[in-house]
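This is data_17.cif (mmCIF, C-alpha atoms; chains and numbers go by the auth columns).
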data_final
#
loop_
_atom_site.group_PDB
_atom_site.id
_atom_site.type_symbol
_atom_site.label_atom_id
_atom_site.label_comp_id
_atom_site.label_asym_id
_atom_site.label_seq_id
_atom_site.Cartn_x
_atom_site.Cartn_y
_atom_site.Cartn_z
_atom_site.B_iso_or_equiv
_atom_site.auth_seq_id
_atom_site.auth_asym_id
ATOM 1 C CA MET A 1 9.828 5.127 7.825 0.00 1076 A
ATOM 2 C CA LYS A 2 6.958 5.782 10.222 0.00 1077 A
ATOM 3 C CA THR A 3 7.573 7.062 13.734 0.00 1078 A
ATOM 4 C CA ASP A 4 6.136 4.995 16.576 0.00 1079 A
ATOM 5 C CA LEU A 5 5.465 7.444 19.421 0.00 1080 A
ATOM 6 C CA SER A 6 5.226 4.545 21.879 0.00 1081 A
ATOM 7 C CA ARG A 7 8.994 4.052 21.353 0.00 1082 A
ATOM 8 C CA ILE A 8 9.942 7.751 21.588 0.00 1083 A
ATOM 9 C CA LEU A 9 10.829 8.838 25.121 0.00 1084 A
ATOM 10 C CA ALA A 10 11.022 12.131 26.957 0.00 1085 A
ATOM 11 C CA ILE A 11 13.387 11.597 29.883 0.00 1086 A
ATOM 12 C CA SER A 12 13.336 13.938 32.850 0.00 1087 A
ATOM 13 C CA GLY A 13 16.575 15.889 33.204 0.00 1088 A
ATOM 14 C CA GLN A 14 17.634 15.179 29.596 0.00 1089 A
ATOM 15 C CA SER A 15 17.221 17.506 26.652 0.00 1090 A
ATOM 16 C CA GLY A 16 15.793 16.195 23.409 0.00 1091 A
ATOM 17 C CA LEU A 17 14.021 12.950 22.655 0.00 1092 A
ATOM 18 C CA PHE A 18 15.219 9.366 22.788 0.00 1093 A
ATOM 19 C CA GLN A 19 14.224 6.204 20.960 0.00 1094 A
ATOM 20 C CA TYR A 20 13.874 3.045 23.018 0.00 1095 A
ATOM 21 C CA VAL A 21 16.449 0.467 21.917 0.00 1096 A
ATOM 22 C CA SER A 22 16.290 -2.389 24.434 0.00 1097 A
ATOM 23 C CA GLN A 23 15.920 -3.511 28.009 0.00 1098 A
ATOM 24 C CA SER A 24 19.059 -3.691 30.131 0.00 1099 A
ATOM 25 C CA ARG A 25 19.676 -5.425 33.430 0.00 1100 A
ATOM 26 C CA ASN A 26 18.773 -2.393 35.498 0.00 1101 A
ATOM 27 C CA GLY A 27 16.825 -0.115 33.161 0.00 1102 A
ATOM 28 C CA ILE A 28 16.789 0.606 29.441 0.00 1103 A
ATOM 29 C CA ILE A 29 19.067 1.596 26.604 0.00 1104 A
ATOM 30 C CA ALA A 30 17.857 4.545 24.542 0.00 1105 A
ATOM 31 C CA GLU A 31 19.323 6.405 21.582 0.00 1106 A
ATOM 32 C CA SER A 32 19.237 10.185 21.238 0.00 1107 A
ATOM 33 C CA LEU A 33 17.311 11.220 18.134 0.00 1108 A
ATOM 34 C CA VAL A 34 19.644 14.194 17.662 0.00 1109 A
ATOM 35 C CA THR A 35 23.101 12.711 18.264 0.00 1110 A
ATOM 36 C CA GLY A 36 22.457 8.987 17.755 0.00 1111 A
ATOM 37 C CA LYS A 37 24.382 8.305 20.974 0.00 1112 A
ATOM 38 C CA ARG A 38 23.137 5.357 23.026 0.00 1113 A
ATOM 39 C CA THR A 39 22.808 5.767 26.774 0.00 1114 A
ATOM 40 C CA GLY A 40 21.686 3.531 29.607 0.00 1115 A
ATOM 41 C CA PHE A 41 19.021 4.886 31.925 0.00 1116 A
ATOM 42 C CA GLY A 42 18.267 3.310 35.300 0.00 1117 A
ATOM 43 C CA ILE A 43 14.859 2.346 36.558 0.00 1118 A
ATOM 44 C CA SER A 44 14.809 5.475 38.742 0.00 1119 A
ATOM 45 C CA SER A 45 14.844 7.741 35.651 0.00 1120 A
ATOM 46 C CA LYS A 46 11.484 9.340 34.903 0.00 1121 A
ATOM 47 C CA MET A 47 10.610 8.345 31.341 0.00 1122 A
ATOM 48 C CA THR A 48 7.426 8.995 29.410 0.00 1123 A
ATOM 49 C CA THR A 49 6.548 7.808 25.931 0.00 1124 A
ATOM 50 C CA LEU A 50 5.112 10.501 23.687 0.00 1125 A
ATOM 51 C CA ALA A 51 2.166 8.174 22.975 0.00 1126 A
ATOM 52 C CA ASP A 52 1.138 8.500 26.641 0.00 1127 A
ATOM 53 C CA ILE A 53 1.013 12.303 26.627 0.00 1128 A
ATOM 54 C CA SER A 54 -2.216 14.199 26.062 0.00 1129 A
ATOM 55 C CA ILE A 55 -3.015 17.902 25.868 0.00 1130 A
ATOM 56 C CA TYR A 56 -5.963 19.403 27.732 0.00 1131 A
ATOM 57 C CA THR A 57 -8.701 20.812 25.528 0.00 1132 A
ATOM 58 C CA GLU A 58 -11.967 22.492 26.467 0.00 1133 A
ATOM 59 C CA ASP A 59 -13.920 19.284 25.833 0.00 1134 A
ATOM 60 C CA ASP A 60 -11.534 16.467 26.700 0.00 1135 A
ATOM 61 C CA GLU A 61 -7.894 15.633 26.031 0.00 1136 A
ATOM 62 C CA LYS A 62 -6.107 15.176 22.701 0.00 1137 A
ATOM 63 C CA LYS A 63 -3.322 12.669 22.204 0.00 1138 A
ATOM 64 C CA LEU A 64 0.010 14.260 21.334 0.00 1139 A
ATOM 65 C CA GLN A 65 -0.018 12.479 17.958 0.00 1140 A
ATOM 66 C CA GLU A 66 -3.236 14.294 17.024 0.00 1141 A
ATOM 67 C CA VAL A 67 -1.718 17.594 18.172 0.00 1142 A
ATOM 68 C CA PHE A 68 1.398 16.975 16.038 0.00 1143 A
ATOM 69 C CA GLU A 69 -0.805 16.164 13.035 0.00 1144 A
ATOM 70 C CA GLY A 70 -2.738 19.423 13.561 0.00 1145 A
ATOM 71 C CA MET A 71 0.524 21.339 13.827 0.00 1146 A
ATOM 72 C CA HIS A 72 1.768 19.721 10.604 0.00 1147 A
ATOM 73 C CA ALA A 73 -1.468 20.696 8.831 0.00 1148 A
ATOM 74 C CA VAL A 74 -0.917 24.343 9.825 0.00 1149 A
ATOM 75 C CA LEU A 75 2.843 24.438 9.238 0.00 1150 A
ATOM 76 C CA GLY A 76 3.299 22.250 6.169 0.00 1151 A
ATOM 77 C CA GLU A 77 7.047 21.746 5.800 0.00 1152 A
ATOM 78 C CA GLU A 78 7.995 24.713 8.020 0.00 1153 A
ATOM 79 C CA ASP A 79 9.419 24.301 11.527 0.00 1154 A
ATOM 80 C CA ALA A 80 7.237 25.148 14.501 0.00 1155 A
ATOM 81 C CA PRO A 81 8.036 28.365 16.367 0.00 1156 A
ATOM 82 C CA SER A 82 11.123 28.067 18.559 0.00 1157 A
ATOM 83 C CA SER A 83 10.673 27.066 22.188 0.00 1158 A
ATOM 84 C CA LYS A 84 12.397 30.386 22.937 0.00 1159 A
ATOM 85 C CA SER A 85 9.655 32.353 21.136 0.00 1160 A
ATOM 86 C CA ALA A 86 7.589 34.918 22.994 0.00 1161 A
ATOM 87 C CA PRO A 87 4.633 33.468 24.920 0.00 1162 A
ATOM 88 C CA GLU A 88 2.210 35.474 22.748 0.00 1163 A
ATOM 89 C CA GLU A 89 3.663 33.906 19.583 0.00 1164 A
ATOM 90 C CA LEU A 90 3.303 30.377 21.006 0.00 1165 A
ATOM 91 C CA LYS A 91 -0.269 31.046 22.128 0.00 1166 A
ATOM 92 C CA ALA A 92 -1.169 32.469 18.710 0.00 1167 A
ATOM 93 C CA PHE A 93 0.322 29.404 17.023 0.00 1168 A
ATOM 94 C CA PHE A 94 -1.645 26.984 19.206 0.00 1169 A
ATOM 95 C CA GLU A 95 -4.821 28.993 18.546 0.00 1170 A
ATOM 96 C CA LYS A 96 -4.395 27.903 14.905 0.00 1171 A
ATOM 97 C CA ALA A 97 -3.051 24.374 15.433 0.00 1172 A
ATOM 98 C CA LEU A 98 -5.262 23.386 18.393 0.00 1173 A
ATOM 99 C CA PRO A 99 -8.029 26.000 18.717 0.00 1174 A
ATOM 100 C CA SER A 100 -9.813 24.150 21.509 0.00 1175 A
ATOM 101 C CA TYR A 101 -6.825 23.938 23.868 0.00 1176 A
ATOM 102 C CA ASP A 102 -7.648 24.617 27.527 0.00 1177 A
ATOM 103 C CA HIS A 103 -6.265 28.087 28.256 0.00 1178 A
ATOM 104 C CA ASP A 104 -6.240 27.383 32.012 0.00 1179 A
ATOM 105 C CA ARG A 105 -4.403 24.035 32.023 0.00 1180 A
ATOM 106 C CA PHE A 106 -2.168 24.059 28.898 0.00 1181 A
ATOM 107 C CA TYR A 107 0.601 26.408 29.984 0.00 1182 A
ATOM 108 C CA VAL A 108 3.264 28.189 27.916 0.00 1183 A
ATOM 109 C CA SER A 109 5.855 25.823 29.476 0.00 1184 A
ATOM 110 C CA HIS A 110 3.897 22.904 27.969 0.00 1185 A
ATOM 111 C CA MET A 111 3.696 24.670 24.610 0.00 1186 A
ATOM 112 C CA LYS A 112 7.472 25.100 24.615 0.00 1187 A
ATOM 113 C CA LYS A 113 7.971 21.350 25.148 0.00 1188 A
ATOM 114 C CA VAL A 114 5.476 20.439 22.417 0.00 1189 A
ATOM 115 C CA VAL A 115 7.069 22.699 19.776 0.00 1190 A
ATOM 116 C CA GLU A 116 10.536 21.479 20.789 0.00 1191 A
ATOM 117 C CA TRP A 117 9.441 17.837 20.407 0.00 1192 A
ATOM 118 C CA TYR A 118 7.687 18.579 17.101 0.00 1193 A
ATOM 119 C CA ASN A 119 10.810 20.180 15.641 0.00 1194 A
ATOM 120 C CA CYS A 120 12.990 17.324 16.930 0.00 1195 A
ATOM 121 C CA LEU A 121 10.736 14.714 15.292 0.00 1196 A
ATOM 122 C CA LYS A 122 10.466 16.729 12.072 0.00 1197 A
ATOM 123 C CA ASN A 123 14.215 17.158 11.736 0.00 1198 A
ATOM 124 C CA HIS A 124 15.483 13.824 13.113 0.00 1199 A
ATOM 125 C CA ALA A 125 12.709 11.252 12.620 0.00 1200 A
ATOM 126 C CA SER A 126 9.416 11.514 10.733 0.00 1201 A
ATOM 127 C CA LEU A 127 6.043 13.164 11.128 0.00 1202 A
ATOM 128 C CA ASP A 128 4.467 10.114 9.491 0.00 1203 A
ATOM 129 C CA PHE A 129 3.215 8.250 12.559 0.00 1204 A
ATOM 130 C CA VAL A 130 2.396 4.625 13.197 0.00 1205 A
ATOM 131 C CA ASN A 131 -1.338 4.478 13.854 0.00 1206 A
ATOM 132 C CA PRO A 132 -2.017 2.369 16.993 0.00 1207 A
ATOM 133 C CA GLU A 133 -5.277 1.000 15.549 0.00 1208 A
ATOM 134 C CA GLU A 134 -3.548 -0.145 12.349 0.00 1209 A
ATOM 135 C CA GLU A 135 -0.766 -1.777 14.348 0.00 1210 A
ATOM 136 C CA ASN A 136 -3.243 -3.722 16.524 0.00 1211 A
ATOM 137 C CA ALA A 137 -5.172 -4.876 13.426 0.00 1212 A
ATOM 138 C CA SER A 138 -1.991 -6.129 11.727 0.00 1213 A
ATOM 139 C CA GLU A 139 -0.934 -7.992 14.894 0.00 1214 A
ATOM 140 C CA GLU A 140 -4.343 -9.691 15.105 0.00 1215 A
ATOM 141 C CA ALA A 141 -4.233 -10.629 11.410 0.00 1216 A
ATOM 142 C CA ALA A 142 -0.825 -12.271 11.898 0.00 1217 A
ATOM 143 C CA GLU A 143 -2.158 -14.553 14.669 0.00 1218 A
#
Represent the structure of the file as structure tokens.
Amino acid sequence: MKTDLSRILAISGQSGLFQYVSQSRNGIIAESLVTGKRTGFGISSKMTTLADISIYTEDDEKKLQEVFEGMHAVLGEEDAPSSKSAPEELKAFFEKALPSYDHDRFYVSHMKKVVEWYNCLKNHASLDFVNPEEENASEEAAE
């Protein structure tokens, strides 16, 4: 089954990733990808979909989906380096996976989050992503 990054959430103050389940009266219900436990989050919780996150490159920005696909091309079926890896190891990995990353604005703390999310998706969801363009075309064809 394909992973839709517009339904995968990073929630401030929570570890791991969550999948959007439904709207509730005063926020949302999301399910942890790791534990499968459903939790309600209020409207004051800071939530970001992975589809809305981009990484700074020297030329522009790259959507996180493109970064994950580049990481998968480098890693194959291996896990990404741990988020606890040495900064030099993370930088060396991103030199291979995203050679044009902006060395001044893409910090090691960001790299740690990206590898953590990649490993979470690899182990608990899928690295086969829903393509937003394909989804829009299928919606238009159905109308």
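If you apply the PyMOL selection byres ((chain A and resi 1109) around 8) to this structure, you end up with A:Gly1091, A:Leu1092, A:Ser1107, A:Leu1108, A:Thr1110, A:Gly1111, A:Cys1195, A:His1199.
From atom CA of A:Thr1078 back to atom CA of A:Met1186, the distance works out to 21.1 Å.
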Checklist entry - So which one's closest to A:Ile1104, A:His1147, A:Arg1082, A:Lys1159, A:Lys1187? Using only C-alpha atoms, please. => result A:Arg1082
Next on the checklist: I need every residue sitting at most 12 Å from the point (9.0, 14.3, 14.1) (coordinates as in the file, only C-alpha atoms considered), written as JSON, numbers by chain.
Outcome noted: {"A": [1076, 1077, 1078, 1079, 1080, 1083, 1091, 1092, 1093, 1094, 1108, 1109, 1125, 1139, 1140, 1142, 1143, 1144, 1146, 1147, 1152, 1154, 1155, 1189, 1190, 1191, 1192, 1193, 1194, 1195, 1196, 1197, 1198, 1199, 1200, 1201, 1202, 1203, 1204, 1205]}
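The coordinates place atom CA of A:Val1183 at 15.1 Å from atom CA of A:Lys1171.
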Checklist entry - Within 12 Å of (14.8, 3.4, 34.9), all atoms listed in the file: residues as a PyMOL selection string? => result chain A and resi 1084+1086-1087+1095+1098-1105+1114-1123
With C-alpha atoms retained, export the selected residues as a compact mmCIF listing (two decimals), in the frame of the given file.
# COMPACT_ATOMS: atom_id res chain seq x y z
CA LEU A 1084 10.83 8.84 25.12
CA ILE A 1086 13.39 11.60 29.88
CA SER A 1087 13.34 13.94 32.85
CA TYR A 1095 13.87 3.04 23.02
CA GLN A 1098 15.92 -3.51 28.01
CA SER A 1099 19.06 -3.69 30.13
CA ARG A 1100 19.68 -5.42 33.43
CA ASN A 1101 18.77 -2.39 35.50
CA GLY A 1102 16.82 -0.12 33.16
CA ILE A 1103 16.79 0.61 29.44
CA ILE A 1104 19.07 1.60 26.60
CA ALA A 1105 17.86 4.54 24.54
CA THR A 1114 22.81 5.77 26.77
CA GLY A 1115 21.69 3.53 29.61
CA PHE A 1116 19.02 4.89 31.92
CA GLY A 1117 18.27 3.31 35.30
CA ILE A 1118 14.86 2.35 36.56
CA SER A 1119 14.81 5.48 38.74
CA SER A 1120 14.84 7.74 35.65
CA LYS A 1121 11.48 9.34 34.90
CA MET A 1122 10.61 8.35 31.34
CA THR A 1123 7.43 8.99 29.41
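Put simply, atom CA of A:Val1149 is 9.8 Å away from atom CA of A:Phe1169.
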